[in-house]
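Enquirer: Please find final21.cif (mmCIF, all heavy atoms) on the next line:
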data_model
loop_
_atom_site.label_atom_id
_atom_site.label_comp_id
_atom_site.auth_asym_id
_atom_site.auth_seq_id
_atom_site.Cartn_x
_atom_site.Cartn_y
_atom_site.Cartn_z
N MET A 212 -29.06 31.66 5.74
CA MET A 212 -29.20 33.08 5.59
C MET A 212 -28.39 33.54 4.38
O MET A 212 -27.22 33.21 4.24
CB MET A 212 -28.73 33.76 6.87
CG MET A 212 -28.84 35.23 6.85
SD MET A 212 -28.38 35.88 8.48
CE MET A 212 -29.43 37.28 8.51
N LYS A 213 -28.99 34.32 3.52
CA LYS A 213 -28.31 34.81 2.34
C LYS A 213 -27.41 35.98 2.69
O LYS A 213 -27.71 36.78 3.57
CB LYS A 213 -29.33 35.29 1.31
CG LYS A 213 -30.17 34.18 0.73
CD LYS A 213 -31.10 34.73 -0.31
CE LYS A 213 -31.94 33.64 -0.91
NZ LYS A 213 -32.85 34.15 -1.93
N SER A 214 -26.31 36.07 1.98
CA SER A 214 -25.43 37.23 2.20
C SER A 214 -25.99 38.42 1.45
O SER A 214 -26.71 38.29 0.46
CB SER A 214 -24.02 36.92 1.74
OG SER A 214 -24.01 36.64 0.36
N GLN A 215 -25.66 39.59 1.91
CA GLN A 215 -26.15 40.80 1.27
C GLN A 215 -25.39 41.08 -0.01
O GLN A 215 -24.21 40.74 -0.14
CB GLN A 215 -25.98 41.99 2.20
CG GLN A 215 -26.88 41.95 3.40
CD GLN A 215 -26.70 43.20 4.26
OE1 GLN A 215 -25.62 43.78 4.31
NE2 GLN A 215 -27.75 43.59 4.93
N LEU A 216 -26.08 41.68 -0.95
CA LEU A 216 -25.43 42.12 -2.18
C LEU A 216 -24.61 43.36 -1.89
O LEU A 216 -25.02 44.22 -1.12
CB LEU A 216 -26.47 42.44 -3.25
CG LEU A 216 -27.33 41.28 -3.74
CD1 LEU A 216 -28.40 41.81 -4.68
CD2 LEU A 216 -26.47 40.27 -4.44
N THR A 217 -23.47 43.45 -2.50
CA THR A 217 -22.68 44.66 -2.33
C THR A 217 -23.22 45.73 -3.26
O THR A 217 -23.59 45.46 -4.40
CB THR A 217 -21.20 44.41 -2.65
OG1 THR A 217 -21.11 43.90 -3.97
CG2 THR A 217 -20.61 43.39 -1.70
N LEU A 218 -23.29 46.93 -2.75
CA LEU A 218 -23.77 48.04 -3.54
C LEU A 218 -22.59 48.88 -4.00
O LEU A 218 -21.67 49.13 -3.22
CB LEU A 218 -24.72 48.92 -2.71
CG LEU A 218 -26.00 48.24 -2.26
CD1 LEU A 218 -26.79 49.18 -1.35
CD2 LEU A 218 -26.85 47.85 -3.44
N PRO A 219 -22.62 49.33 -5.24
CA PRO A 219 -21.53 50.19 -5.72
C PRO A 219 -21.67 51.59 -5.13
O PRO A 219 -22.42 52.41 -5.64
CB PRO A 219 -21.72 50.19 -7.23
CG PRO A 219 -23.17 49.93 -7.42
CD PRO A 219 -23.60 49.05 -6.27
N LEU A 220 -21.00 51.86 -4.03
CA LEU A 220 -21.08 53.17 -3.40
C LEU A 220 -19.96 54.06 -3.92
O LEU A 220 -18.84 53.62 -4.10
CB LEU A 220 -20.94 53.02 -1.88
CG LEU A 220 -22.04 52.20 -1.20
CD1 LEU A 220 -21.73 52.05 0.27
CD2 LEU A 220 -23.39 52.85 -1.40
N GLU A 221 -20.30 55.30 -4.12
CA GLU A 221 -19.31 56.26 -4.59
C GLU A 221 -18.38 56.60 -3.45
O GLU A 221 -18.79 56.75 -2.31
CB GLU A 221 -20.00 57.53 -5.09
CG GLU A 221 -20.86 57.31 -6.31
CD GLU A 221 -21.54 58.59 -6.76
OE1 GLU A 221 -21.06 59.68 -6.40
OE2 GLU A 221 -22.53 58.48 -7.46
N ALA A 222 -17.12 56.76 -3.75
CA ALA A 222 -16.14 57.12 -2.74
C ALA A 222 -16.08 58.63 -2.52
O ALA A 222 -15.32 59.11 -1.71
CB ALA A 222 -14.77 56.59 -3.14
N LYS A 223 -16.90 59.36 -3.26
CA LYS A 223 -16.91 60.81 -3.18
C LYS A 223 -17.39 61.26 -1.79
O LYS A 223 -18.49 60.93 -1.37
CB LYS A 223 -17.83 61.36 -4.26
CG LYS A 223 -17.94 62.85 -4.30
CD LYS A 223 -18.90 63.25 -5.40
CE LYS A 223 -19.46 64.62 -5.14
NZ LYS A 223 -20.55 64.94 -6.04
N VAL A 224 -16.55 61.98 -1.10
CA VAL A 224 -16.88 62.48 0.23
C VAL A 224 -17.14 63.98 0.12
O VAL A 224 -16.31 64.71 -0.44
CB VAL A 224 -15.72 62.22 1.22
CG1 VAL A 224 -16.04 62.79 2.58
CG2 VAL A 224 -15.45 60.73 1.30
N PRO A 225 -18.28 64.45 0.63
CA PRO A 225 -18.56 65.89 0.55
C PRO A 225 -17.52 66.70 1.34
O PRO A 225 -16.93 66.21 2.30
CB PRO A 225 -19.93 66.03 1.21
CG PRO A 225 -20.51 64.66 1.27
CD PRO A 225 -19.36 63.71 1.25
N SER A 226 -17.33 67.93 0.95
CA SER A 226 -16.39 68.80 1.66
C SER A 226 -16.92 69.10 3.05
O SER A 226 -18.11 68.92 3.35
CB SER A 226 -16.20 70.10 0.88
OG SER A 226 -17.42 70.83 0.88
N GLU A 227 -16.04 69.57 3.91
CA GLU A 227 -16.45 69.89 5.27
C GLU A 227 -17.50 70.99 5.28
O GLU A 227 -18.44 70.95 6.06
CB GLU A 227 -15.26 70.30 6.13
CG GLU A 227 -15.66 70.53 7.58
CD GLU A 227 -14.51 70.84 8.50
OE1 GLU A 227 -13.36 70.55 8.14
OE2 GLU A 227 -14.78 71.37 9.59
N SER A 228 -17.36 71.96 4.40
CA SER A 228 -18.35 73.04 4.35
C SER A 228 -19.72 72.52 3.93
O SER A 228 -20.74 72.97 4.45
CB SER A 228 -17.88 74.17 3.44
OG SER A 228 -17.72 73.71 2.12
N ALA A 229 -19.75 71.56 3.01
CA ALA A 229 -21.02 70.97 2.60
C ALA A 229 -21.63 70.16 3.74
O ALA A 229 -22.85 70.19 3.96
CB ALA A 229 -20.82 70.08 1.38
N LEU A 230 -20.78 69.44 4.48
CA LEU A 230 -21.27 68.68 5.63
C LEU A 230 -21.80 69.61 6.72
O LEU A 230 -22.83 69.34 7.34
CB LEU A 230 -20.17 67.79 6.20
CG LEU A 230 -19.81 66.56 5.39
CD1 LEU A 230 -18.58 65.88 5.97
CD2 LEU A 230 -20.98 65.59 5.36
N ARG A 231 -21.10 70.72 6.95
CA ARG A 231 -21.57 71.69 7.95
C ARG A 231 -22.91 72.30 7.54
O ARG A 231 -23.80 72.49 8.37
CB ARG A 231 -20.54 72.79 8.17
CG ARG A 231 -19.40 72.37 9.02
CD ARG A 231 -18.54 73.56 9.45
NE ARG A 231 -17.42 73.11 10.22
CZ ARG A 231 -17.44 72.87 11.53
NH1 ARG A 231 -18.55 73.04 12.20
NH2 ARG A 231 -16.36 72.47 12.16
N ALA A 232 -23.07 72.60 6.26
CA ALA A 232 -24.33 73.15 5.77
C ALA A 232 -25.47 72.14 5.97
O ALA A 232 -26.57 72.50 6.37
CB ALA A 232 -24.21 73.55 4.30
N ALA A 233 -25.18 70.87 5.70
CA ALA A 233 -26.18 69.82 5.90
C ALA A 233 -26.49 69.66 7.38
O ALA A 233 -27.66 69.48 7.76
CB ALA A 233 -25.67 68.49 5.32
N TRP A 234 -25.48 69.74 8.23
CA TRP A 234 -25.68 69.62 9.68
C TRP A 234 -26.57 70.76 10.19
O TRP A 234 -27.51 70.52 10.95
CB TRP A 234 -24.31 69.64 10.37
CG TRP A 234 -24.35 69.75 11.85
CD1 TRP A 234 -24.74 68.78 12.73
CD2 TRP A 234 -23.99 70.87 12.63
NE1 TRP A 234 -24.62 69.24 14.02
CE2 TRP A 234 -24.16 70.53 13.98
CE3 TRP A 234 -23.51 72.14 12.32
CZ2 TRP A 234 -23.88 71.41 15.01
CZ3 TRP A 234 -23.24 73.02 13.34
CH2 TRP A 234 -23.43 72.66 14.66
N ILE A 235 -26.32 71.97 9.72
CA ILE A 235 -27.13 73.12 10.13
C ILE A 235 -28.56 72.94 9.64
O ILE A 235 -29.52 73.14 10.40
CB ILE A 235 -26.52 74.43 9.59
CG1 ILE A 235 -25.21 74.72 10.32
CG2 ILE A 235 -27.49 75.59 9.71
CD1 ILE A 235 -24.38 75.82 9.69
N ARG A 236 -28.70 72.55 8.39
CA ARG A 236 -30.05 72.39 7.81
C ARG A 236 -30.83 71.27 8.49
O ARG A 236 -32.05 71.34 8.63
CB ARG A 236 -29.94 72.11 6.32
CG ARG A 236 -31.27 71.98 5.67
CD ARG A 236 -31.22 72.38 4.27
NE ARG A 236 -32.56 72.34 3.73
CZ ARG A 236 -32.84 72.67 2.52
NH1 ARG A 236 -31.89 73.07 1.72
NH2 ARG A 236 -34.06 72.62 2.08
N SER A 237 -30.13 70.22 8.92
CA SER A 237 -30.81 69.07 9.52
C SER A 237 -31.40 69.38 10.89
O SER A 237 -32.38 68.76 11.30
CB SER A 237 -29.85 67.89 9.64
OG SER A 237 -28.89 68.14 10.67
N GLY A 238 -30.78 70.30 11.62
CA GLY A 238 -31.27 70.62 12.95
C GLY A 238 -30.90 69.58 14.00
O GLY A 238 -31.48 69.56 15.09
N VAL A 239 -29.94 68.74 13.69
CA VAL A 239 -29.48 67.72 14.64
C VAL A 239 -28.95 68.42 15.88
O VAL A 239 -28.18 69.38 15.78
CB VAL A 239 -28.38 66.84 14.00
CG1 VAL A 239 -27.74 65.92 15.02
CG2 VAL A 239 -28.94 66.04 12.85
N ARG A 240 -29.35 67.95 17.04
CA ARG A 240 -28.95 68.59 18.29
C ARG A 240 -27.67 67.99 18.87
O ARG A 240 -27.53 67.88 20.09
CB ARG A 240 -30.07 68.49 19.30
CG ARG A 240 -31.27 69.30 18.91
CD ARG A 240 -32.32 69.25 19.95
NE ARG A 240 -33.44 70.08 19.59
CZ ARG A 240 -34.34 70.51 20.42
NH1 ARG A 240 -34.28 70.15 21.69
NH2 ARG A 240 -35.33 71.26 20.00
N LEU A 241 -26.78 67.61 18.02
CA LEU A 241 -25.47 67.13 18.42
C LEU A 241 -24.43 68.10 17.89
O LEU A 241 -24.61 68.65 16.81
CB LEU A 241 -25.18 65.75 17.81
CG LEU A 241 -26.00 64.57 18.26
CD1 LEU A 241 -25.72 63.36 17.38
CD2 LEU A 241 -25.69 64.24 19.70
N PRO A 242 -23.35 68.31 18.62
CA PRO A 242 -22.27 69.11 18.04
C PRO A 242 -21.77 68.46 16.75
O PRO A 242 -21.84 67.24 16.59
CB PRO A 242 -21.18 69.07 19.12
CG PRO A 242 -21.90 68.74 20.39
CD PRO A 242 -23.06 67.88 19.98
N PHE A 243 -21.28 69.29 15.85
CA PHE A 243 -20.87 68.82 14.53
C PHE A 243 -19.88 67.66 14.61
O PHE A 243 -20.05 66.63 13.96
CB PHE A 243 -20.26 69.98 13.73
CG PHE A 243 -19.77 69.60 12.37
CD1 PHE A 243 -20.66 69.27 11.36
CD2 PHE A 243 -18.41 69.57 12.09
CE1 PHE A 243 -20.22 68.92 10.09
CE2 PHE A 243 -17.96 69.22 10.83
CZ PHE A 243 -18.86 68.91 9.84
N HIS A 244 -18.84 67.81 15.43
CA HIS A 244 -17.81 66.76 15.50
C HIS A 244 -18.36 65.46 16.09
O HIS A 244 -17.92 64.39 15.71
CB HIS A 244 -16.59 67.26 16.27
CG HIS A 244 -16.82 67.46 17.73
ND1 HIS A 244 -17.49 68.56 18.23
CD2 HIS A 244 -16.49 66.69 18.79
CE1 HIS A 244 -17.55 68.46 19.55
NE2 HIS A 244 -16.95 67.34 19.92
N ILE A 245 -19.34 65.54 16.97
CA ILE A 245 -19.96 64.33 17.52
C ILE A 245 -20.88 63.69 16.48
O ILE A 245 -20.91 62.47 16.32
CB ILE A 245 -20.77 64.65 18.80
CG1 ILE A 245 -19.88 65.27 19.86
CG2 ILE A 245 -21.49 63.41 19.31
CD1 ILE A 245 -18.91 64.34 20.52
N ALA A 246 -21.62 64.52 15.75
CA ALA A 246 -22.54 64.00 14.73
C ALA A 246 -21.79 63.18 13.68
O ALA A 246 -22.30 62.17 13.19
CB ALA A 246 -23.29 65.16 14.07
N LEU A 247 -20.58 63.60 13.35
CA LEU A 247 -19.80 62.85 12.36
C LEU A 247 -19.23 61.56 12.92
O LEU A 247 -18.84 60.67 12.15
CB LEU A 247 -18.67 63.72 11.80
CG LEU A 247 -19.11 64.90 10.94
CD1 LEU A 247 -17.90 65.65 10.42
CD2 LEU A 247 -20.00 64.46 9.80
N GLN A 248 -19.20 61.40 14.23
CA GLN A 248 -18.70 60.17 14.85
C GLN A 248 -19.79 59.12 15.00
O GLN A 248 -19.49 57.94 15.15
CB GLN A 248 -18.08 60.48 16.22
CG GLN A 248 -16.82 61.28 16.11
CD GLN A 248 -16.27 61.67 17.48
OE1 GLN A 248 -16.85 61.35 18.51
NE2 GLN A 248 -15.15 62.36 17.48
N VAL A 249 -21.06 59.54 14.96
CA VAL A 249 -22.18 58.61 15.03
C VAL A 249 -22.47 58.16 13.59
O VAL A 249 -22.92 58.95 12.76
CB VAL A 249 -23.43 59.27 15.65
CG1 VAL A 249 -24.60 58.29 15.70
CG2 VAL A 249 -23.11 59.80 17.04
N ARG A 250 -22.17 56.90 13.30
CA ARG A 250 -22.20 56.40 11.93
C ARG A 250 -23.51 56.68 11.20
O ARG A 250 -23.51 57.17 10.07
CB ARG A 250 -21.89 54.91 11.91
CG ARG A 250 -21.77 54.35 10.52
CD ARG A 250 -20.97 53.06 10.52
NE ARG A 250 -20.98 52.39 9.26
CZ ARG A 250 -20.21 52.72 8.23
NH1 ARG A 250 -19.39 53.73 8.31
NH2 ARG A 250 -20.26 52.03 7.11
N ALA A 251 -24.63 56.41 11.82
CA ALA A 251 -25.93 56.61 11.16
C ALA A 251 -26.17 58.09 10.84
O ALA A 251 -26.65 58.44 9.76
CB ALA A 251 -27.06 56.07 12.02
N VAL A 252 -25.83 58.96 11.77
CA VAL A 252 -26.01 60.40 11.56
C VAL A 252 -25.05 60.89 10.48
O VAL A 252 -25.44 61.68 9.61
CB VAL A 252 -25.79 61.18 12.88
CG1 VAL A 252 -25.90 62.68 12.65
CG2 VAL A 252 -26.81 60.73 13.93
N ALA A 253 -23.81 60.41 10.49
CA ALA A 253 -22.84 60.81 9.49
C ALA A 253 -23.29 60.41 8.08
O ALA A 253 -23.15 61.19 7.14
CB ALA A 253 -21.48 60.19 9.81
N ILE A 254 -23.85 59.22 7.96
CA ILE A 254 -24.36 58.77 6.65
C ILE A 254 -25.48 59.69 6.18
O ILE A 254 -25.51 60.11 5.03
CB ILE A 254 -24.82 57.30 6.72
CG1 ILE A 254 -23.62 56.37 6.89
CG2 ILE A 254 -25.64 56.92 5.49
CD1 ILE A 254 -23.99 54.94 7.22
N CYS A 255 -26.39 60.02 7.09
CA CYS A 255 -27.50 60.90 6.72
C CYS A 255 -27.00 62.28 6.32
O CYS A 255 -27.50 62.86 5.35
CB CYS A 255 -28.48 61.02 7.89
SG CYS A 255 -29.39 59.51 8.21
N LEU A 256 -26.02 62.80 7.05
CA LEU A 256 -25.48 64.12 6.71
C LEU A 256 -24.77 64.09 5.36
O LEU A 256 -24.89 65.05 4.59
CB LEU A 256 -24.52 64.60 7.81
CG LEU A 256 -25.17 64.98 9.14
CD1 LEU A 256 -24.11 65.35 10.16
CD2 LEU A 256 -26.19 66.09 8.96
N ARG A 257 -24.06 63.02 5.07
CA ARG A 257 -23.41 62.91 3.75
C ARG A 257 -24.45 62.87 2.63
O ARG A 257 -24.26 63.50 1.59
CB ARG A 257 -22.52 61.68 3.70
CG ARG A 257 -21.25 61.86 4.47
CD ARG A 257 -20.31 60.67 4.28
NE ARG A 257 -19.18 60.78 5.16
CZ ARG A 257 -18.97 60.01 6.23
NH1 ARG A 257 -19.80 59.03 6.51
NH2 ARG A 257 -17.92 60.20 6.99
N CYS A 258 -25.51 62.12 2.84
CA CYS A 258 -26.57 62.04 1.82
C CYS A 258 -27.24 63.39 1.63
O CYS A 258 -27.52 63.81 0.51
CB CYS A 258 -27.61 60.99 2.22
SG CYS A 258 -27.02 59.30 2.10
N LEU A 259 -27.51 64.09 2.74
CA LEU A 259 -28.13 65.40 2.66
C LEU A 259 -27.20 66.39 1.97
O LEU A 259 -27.63 67.17 1.12
CB LEU A 259 -28.51 65.90 4.06
CG LEU A 259 -29.17 67.28 4.12
CD1 LEU A 259 -30.42 67.35 3.26
CD2 LEU A 259 -29.49 67.63 5.57
N ALA A 260 -25.92 66.36 2.31
CA ALA A 260 -24.94 67.26 1.68
C ALA A 260 -24.87 66.99 0.18
O ALA A 260 -24.85 67.93 -0.62
CB ALA A 260 -23.57 67.08 2.32
N ASP A 261 -24.87 65.73 -0.19
CA ASP A 261 -24.83 65.36 -1.61
C ASP A 261 -26.08 65.86 -2.32
O ASP A 261 -26.01 66.43 -3.41
CB ASP A 261 -24.69 63.85 -1.76
CG ASP A 261 -24.50 63.42 -3.19
OD1 ASP A 261 -23.66 64.03 -3.88
OD2 ASP A 261 -25.19 62.47 -3.62
N SER A 262 -27.22 65.68 -1.70
CA SER A 262 -28.48 66.13 -2.29
C SER A 262 -28.53 67.65 -2.43
O SER A 262 -28.98 68.17 -3.45
CB SER A 262 -29.65 65.65 -1.42
OG SER A 262 -30.87 66.10 -1.92
N MET A 263 -28.03 68.35 -1.42
CA MET A 263 -28.01 69.81 -1.47
C MET A 263 -27.08 70.29 -2.58
O MET A 263 -27.41 71.26 -3.28
CB MET A 263 -27.59 70.38 -0.11
CG MET A 263 -28.64 70.21 0.96
SD MET A 263 -28.07 70.60 2.64
CE MET A 263 -27.56 72.29 2.47
N GLN A 264 -25.95 69.64 -2.77
CA GLN A 264 -25.02 70.04 -3.82
C GLN A 264 -25.61 69.75 -5.20
O GLN A 264 -25.45 70.54 -6.12
CB GLN A 264 -23.68 69.32 -3.67
CG GLN A 264 -22.86 69.88 -2.53
CD GLN A 264 -21.52 69.19 -2.40
OE1 GLN A 264 -21.36 68.03 -2.73
NE2 GLN A 264 -20.54 69.92 -1.89
N ARG A 265 -26.30 68.64 -5.35
CA ARG A 265 -26.92 68.32 -6.64
C ARG A 265 -27.97 69.35 -7.00
O ARG A 265 -28.11 69.73 -8.14
CB ARG A 265 -27.55 66.93 -6.61
CG ARG A 265 -26.55 65.84 -6.66
CD ARG A 265 -27.24 64.50 -6.70
NE ARG A 265 -26.27 63.42 -6.53
CZ ARG A 265 -26.58 62.17 -6.51
NH1 ARG A 265 -27.84 61.78 -6.63
NH2 ARG A 265 -25.65 61.26 -6.35
N LYS A 266 -28.75 69.78 -5.99
CA LYS A 266 -29.80 70.75 -6.23
C LYS A 266 -29.22 72.09 -6.71
O LYS A 266 -29.78 72.75 -7.55
CB LYS A 266 -30.62 70.98 -4.96
CG LYS A 266 -31.84 71.82 -5.16
CD LYS A 266 -32.71 71.85 -3.94
CE LYS A 266 -33.95 72.66 -4.23
NZ LYS A 266 -34.85 72.71 -3.09
N VAL A 267 -28.07 72.45 -6.17
CA VAL A 267 -27.41 73.69 -6.57
C VAL A 267 -26.98 73.64 -8.03
O VAL A 267 -27.10 74.61 -8.77
CB VAL A 267 -26.18 73.97 -5.66
CG1 VAL A 267 -25.30 75.07 -6.24
CG2 VAL A 267 -26.64 74.33 -4.27
N TYR A 268 -26.50 72.47 -8.47
CA TYR A 268 -25.97 72.34 -9.83
C TYR A 268 -27.03 72.01 -10.87
O TYR A 268 -26.72 71.93 -12.04
CB TYR A 268 -24.86 71.29 -9.87
CG TYR A 268 -23.64 71.72 -9.08
CD1 TYR A 268 -23.23 71.02 -7.96
CD2 TYR A 268 -22.91 72.83 -9.46
CE1 TYR A 268 -22.12 71.44 -7.23
CE2 TYR A 268 -21.80 73.25 -8.76
CZ TYR A 268 -21.42 72.54 -7.64
OH TYR A 268 -20.32 72.94 -6.92
N GLU A 269 -28.26 71.82 -10.46
CA GLU A 269 -29.32 71.51 -11.45
C GLU A 269 -29.99 72.76 -11.93
O GLU A 269 -29.99 73.78 -11.42
CB GLU A 269 -30.36 70.57 -10.84
CG GLU A 269 -29.82 69.19 -10.67
CD GLU A 269 -30.84 68.22 -10.09
OE1 GLU A 269 -31.93 68.67 -9.67
OE2 GLU A 269 -30.55 67.05 -10.05
#
Mind turning the file's structure into structure tokens?

Expert:
Amino acid sequence: MKSQLTLPLEAKVPSESALRAAWIRSGVRLPFHIALQVRAVAICLRCLADSMQRKVYE
């Protein structure tokens, strides 16, 4: 079995307000603090927050 390639991930973490905005927009039916504890959901919220911030600055 081949090992996975490491991806250069940015260490930039969105602000809490950006994460909350992404959480609201996503419609996830988990409380905010629980959503951030579920790894897959937290990753999606970070990606959405990043995308929302990029759209604002374009």

Enquirer: Between CB of Ala246 in chain A and CZ2 of Trp234 in chain A, what is the spacing in Å?

Expert: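 A separation of 6.3 Å between them.
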
Enquirer: When distances are computed from all heavy atoms, which of A:Val239, A:Lys266, A:Val252, A:Cys258 shows the smallest separation from Pro225 in chain A?

Expert: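 The answer is A:Cys258, which sits nearest to Pro225 in chain A.
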
Enquirer: Looking at all atoms listed in the file, which of A:Val224, A:Val267, A:Ile235, A:Leu230 is the one that sits closest to Leu247 in chain A?

Expert: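 Selected residue with least distance to Leu247 in chain A: A:Leu230.
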
Enquirer: Quick one: pull the distance between atom O of Asp261 in chain A and atom N of Ala233 in chain A, Å, one decimal.

Expert: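 Distance between the two atoms: 10.2 Å.
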
Enquirer: What is the distance, in Å and to one decimal place, between CG1 of Val249 in chain A and OG of Ser228 in chain A?

Expert: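 Separation between CG1 of Val249 in chain A and OG of Ser228 in chain A: 21.7 Å.
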